[in-house]
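Undergrad: Quick one: the structure is below, and I'll ask about it shortly.
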2 protein chains.
Amino acid sequence: MSFSDIEVLRLGHRVGRDPRITTHLALVARAMGANKFTLAGDQDEKLFDNIASVNERFGHGIACRYEHSPMKMLRRIAASNDESRPVIIHLTMYGEPFKKTIPNIPKQRNALVVVGGAKVPAELFSISDYNLAVGNQPHSEVAALALFLDCWTEGAGFEREYTNPQLVISPSKSGKDVKEV
Amino acid sequence: MSFSDIEVLRLGHRVGRDPRITTHLALVARAMGANKFTLAGDQDEKLFDNIASVNERFGHGIACRYEHSPMKMLRRIAASNDESRPVIIHLTMYGEPFKKTIPNIPKQRNALVVVGGAKVPAELFSISDYNLAVGNQPHSEVAALALFLDCWTEGAGFEREYTNPQLVISPSKSGKDVKEV
């Protein structure tokens with residue numbers, strides 16, 4: 001990969017309501033260049049099992065972990081003077097236009113991309129280095145993450161390699177071309 | 001808008017399992033330049049109510065309808081010699097790379113973007129004018145639709161205008177800037 005490490009932090013996961021949206025977030029992270037997915041809110045082993053199963057079948061691409069105190073973690077990172085700390089990028093419909101702002105963010109830094117849940121603490125806006133909006137209309141955190149990652153990696157997120165896949169899909173004009181390896 | 005009409009057709013909606021994913025699809029369609037959202041599979045008045053409520057609050061941007069026989073509709077369109085018929089574009093992880101293929105699709109034609117559900121009939125691959133993959137890894141139909149629309153409209157989907165909004169969100173570096181109008 002020609003870009004730095006990317007961690008996606010999903011805040012406020014609710015096990016009864018969000019499993020599919022959060023699974024889609026983790027899969028988008030995996031498919032588009034992130035190497036870490038961190039879950040906060042409710043713990044959800046089933047979700048981690050699903051992602052492990054995709055890693056198993058389509059190749060290892062992302063490591064998942066649970067974070068009990070995400071705001072504490074973010075405060076600690078924001079307060080650090082260490083130049084190797086990641087840039088905290090918060091995706092929100094209230095932020096600055098992502099395509100205009102991304103060129104101003106130093107690309108050699110690792111990125112910690114924060115995706116809000118149902119209730120985002122107001123403090124997150126001040127703790128984050130950048131509050132980026134993927135449009136200012138309500139739509140989807142899954143779409144926002146995908147568009148952000150595509151822009152951040154300049155499309156290269158899709159070209160990463162996955163280790164030890166069992167299945168490989170090749171592009172096809174007119175059907176399914178899946179190979180077992 | 002500088003691009004032609006875009007209709008998004010969601011196949012195979014399941015009311016018990018998919019309401020949030022399908023809602024996100026409709027909201028992405030609305031936020032990124034589509035003007036019609038057509039639901040197939042289970043009927044879902046609650047989903048339509050949700051989108052109507054977003055139209056009401058943030059401005060009218062998309063018309064929703066239910067289609068009982070989507071494959072019949074697609075067959076009819078595909079068989080038509082009418083040059084004004086929309087191009088049928090099927091989003092699938094098995095297709096051709098979207099960014100390389102989109103420049104070959106005539107942009108003055110209206111687009112009918114088909115987003116599959118749990119089970120996609122094999123016939124869809126042959127009926128569609130284009131089978132486009134947004135990456136060949138499993139991720140999310142919401143992400144695929146967003147990336148497709150961004151590429152298809154060359155980013156202009158985000159700049160459309162919405163009629164009679166009650167709320168307008170303005171971009172902000174550090175907080176929420178929402179105005180009632």
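Scheme for the structure tokens: letters A, B, ... for chains in order shown; per-chain residue numbers from 1; ligand numbers from 1 in order shown.
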Near segment 137-150 of chain A, counting only C-alpha atoms, which residues have an atom at most 7 Å away, once you skip same-chain residues fewer than 5 positions from it, shown as a ChimeraX atom specification?

TA: /A:24-25,28,32,93,115,155,157 /B:24,27-28,31,142-143,146-147

Undergrad: Those same residues - N, CA and C atoms - I'd like them written as an mmCIF file, in the first residue's frame.

TA:
```
data_model
loop_
_atom_site.group_PDB
_atom_site.id
_atom_site.type_symbol
_atom_site.label_atom_id
_atom_site.label_comp_id
_atom_site.auth_asym_id
_atom_site.auth_seq_id
_atom_site.Cartn_x
_atom_site.Cartn_y
_atom_site.Cartn_z
ATOM 1 N N HIS A 24 -21.362 -3.757 7.665
ATOM 2 C CA HIS A 24 -21.030 -3.109 6.390
ATOM 3 C C HIS A 24 -19.860 -2.130 6.574
ATOM 4 N N LEU A 25 -19.857 -1.404 7.694
ATOM 5 C CA LEU A 25 -18.724 -0.490 7.955
ATOM 6 C C LEU A 25 -17.401 -1.254 8.013
ATOM 7 N N VAL A 28 -16.464 -2.486 4.512
ATOM 8 C CA VAL A 28 -15.973 -1.374 3.687
ATOM 9 C C VAL A 28 -14.552 -1.021 4.112
ATOM 10 N N MET A 32 -11.419 -1.421 1.456
ATOM 11 C CA MET A 32 -10.979 -0.165 0.867
ATOM 12 C C MET A 32 -9.748 0.435 1.534
ATOM 13 N N MET A 93 -22.064 14.664 9.085
ATOM 14 C CA MET A 93 -22.757 15.470 8.073
ATOM 15 C C MET A 93 -22.647 16.965 8.359
ATOM 16 N N VAL A 115 -16.275 7.099 13.074
ATOM 17 C CA VAL A 115 -17.624 7.071 12.501
ATOM 18 C C VAL A 115 -18.607 7.043 13.658
ATOM 19 N N GLY A 155 -8.148 5.962 -4.513
ATOM 20 C CA GLY A 155 -8.589 4.774 -5.238
ATOM 21 C C GLY A 155 -7.728 3.545 -5.006
ATOM 22 N N GLY A 157 -7.055 2.020 -2.322
ATOM 23 C CA GLY A 157 -7.586 1.122 -1.297
ATOM 24 C C GLY A 157 -8.126 -0.170 -1.887
ATOM 25 N N HIS B 24 -30.788 3.248 3.983
ATOM 26 C CA HIS B 24 -29.525 3.899 3.632
ATOM 27 C C HIS B 24 -29.365 3.994 2.108
ATOM 28 N N LEU B 27 -31.506 6.847 0.951
ATOM 29 C CA LEU B 27 -30.944 8.146 1.362
ATOM 30 C C LEU B 27 -29.696 8.498 0.551
ATOM 31 N N VAL B 28 -28.880 7.499 0.249
ATOM 32 C CA VAL B 28 -27.708 7.731 -0.600
ATOM 33 C C VAL B 28 -28.173 8.153 -1.995
ATOM 34 N N ALA B 31 -29.274 11.707 -1.690
ATOM 35 C CA ALA B 31 -28.200 12.675 -1.393
ATOM 36 C C ALA B 31 -27.196 12.813 -2.527
ATOM 37 N N VAL B 142 -24.566 -0.368 -0.083
ATOM 38 C CA VAL B 142 -24.694 1.070 0.192
ATOM 39 C C VAL B 142 -23.425 1.793 -0.282
ATOM 40 N N ALA B 143 -22.280 1.217 0.055
ATOM 41 C CA ALA B 143 -20.997 1.783 -0.376
ATOM 42 C C ALA B 143 -20.877 1.729 -1.891
ATOM 43 N N ALA B 146 -22.983 4.448 -3.476
ATOM 44 C CA ALA B 146 -22.403 5.774 -3.251
ATOM 45 C C ALA B 146 -21.206 6.017 -4.178
ATOM 46 N N LEU B 147 -20.317 5.036 -4.273
ATOM 47 C CA LEU B 147 -19.126 5.206 -5.109
ATOM 48 C C LEU B 147 -19.504 5.268 -6.582
#
```

Undergrad: Taking 4 positions as the minimum chain separation for residues in the same chain, which residues sit within 8 Å of Thr163 of chain B when counting only C-alpha atoms? Answer as number ranges by chain.

TA: B: 59-61

Undergrad: Pick out the closest residue to chain A from this set: B:Lys99, B:His68, B:Lys36, B:Arg10. Count only C-alpha atoms.

TA: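 Closest to chain A, using only C-alpha atoms: B:Lys99.
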
Undergrad: Could you give me the residues within segment 45-86 of chain B that DSSP places in strand (DSSP E or B), as a ChimeraX atom specification?

TA: /B:60,63-66

Undergrad: Excluding same-chain residues fewer than 4 positions from Pro70 of chain A, what lies within 10 Å of it counting only C-alpha atoms, as a PyMOL selection string?

TA: chain A and resi 9-12+38-41+66+74-76+114

Undergrad: Smallest atom-to-atom distance to chain A: which of B:Ser128, B:Gln108, B:Asn164, B:Ser4, using only C-alpha atoms?

TA: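 Using only C-alpha atoms, the shortest distance to chain A belongs to B:Ser128.
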
Undergrad: So, counting only C-alpha atoms, which residue among B:Gly116, B:Pro106, B:Pro165, B:Pro97 is closest to chain A?

TA: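 The closest residue to chain A is B:Pro97.
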
Undergrad: From the set A:Ala133, A:Ala79, A:Ala156, A:Ile62, which residue has the shortest atom-to-atom contact distance to chain B, counting only C-alpha atoms?

TA: A:Ala133

Undergrad: Using only C-alpha atoms, which residues sit within 10 Å of Lys46 of chain A once same-chain residues fewer than 5 positions away are excluded, as a VMD selection string?

TA: chain A and resid 15 19 23 51 to 52

Undergrad: Between atom CA of Asp129 of chain A and atom CA of Phe158 of chain A, measure the distance and give it in Å to one decimal.

TA: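 It comes out at 25.7 Å.
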
Undergrad: Please determine, counting only C-alpha atoms, which residue among A:Gly117, A:Gly95, A:Gly33, A:Pro86 has the shortest atom-to-atom distance to chain B.

TA: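 Going through A:Gly117, A:Gly95, A:Gly33, A:Pro86 one by one, the smallest distance to chain B is for A:Gly95.
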
Undergrad: What does the distance from atom CA of Glu180 of chain A to atom CA of Tyr94 of chain B come to in Å, to one decimal?

TA: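 It comes out at 14.6 Å.
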
Undergrad: Have a look at A:Ala118, A:Val181, A:Ile169, A:Val87 and name the one nearest to chain B; count only C-alpha atoms.

TA: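 Ranked by minimum distance to chain B, first place goes to A:Ile169.
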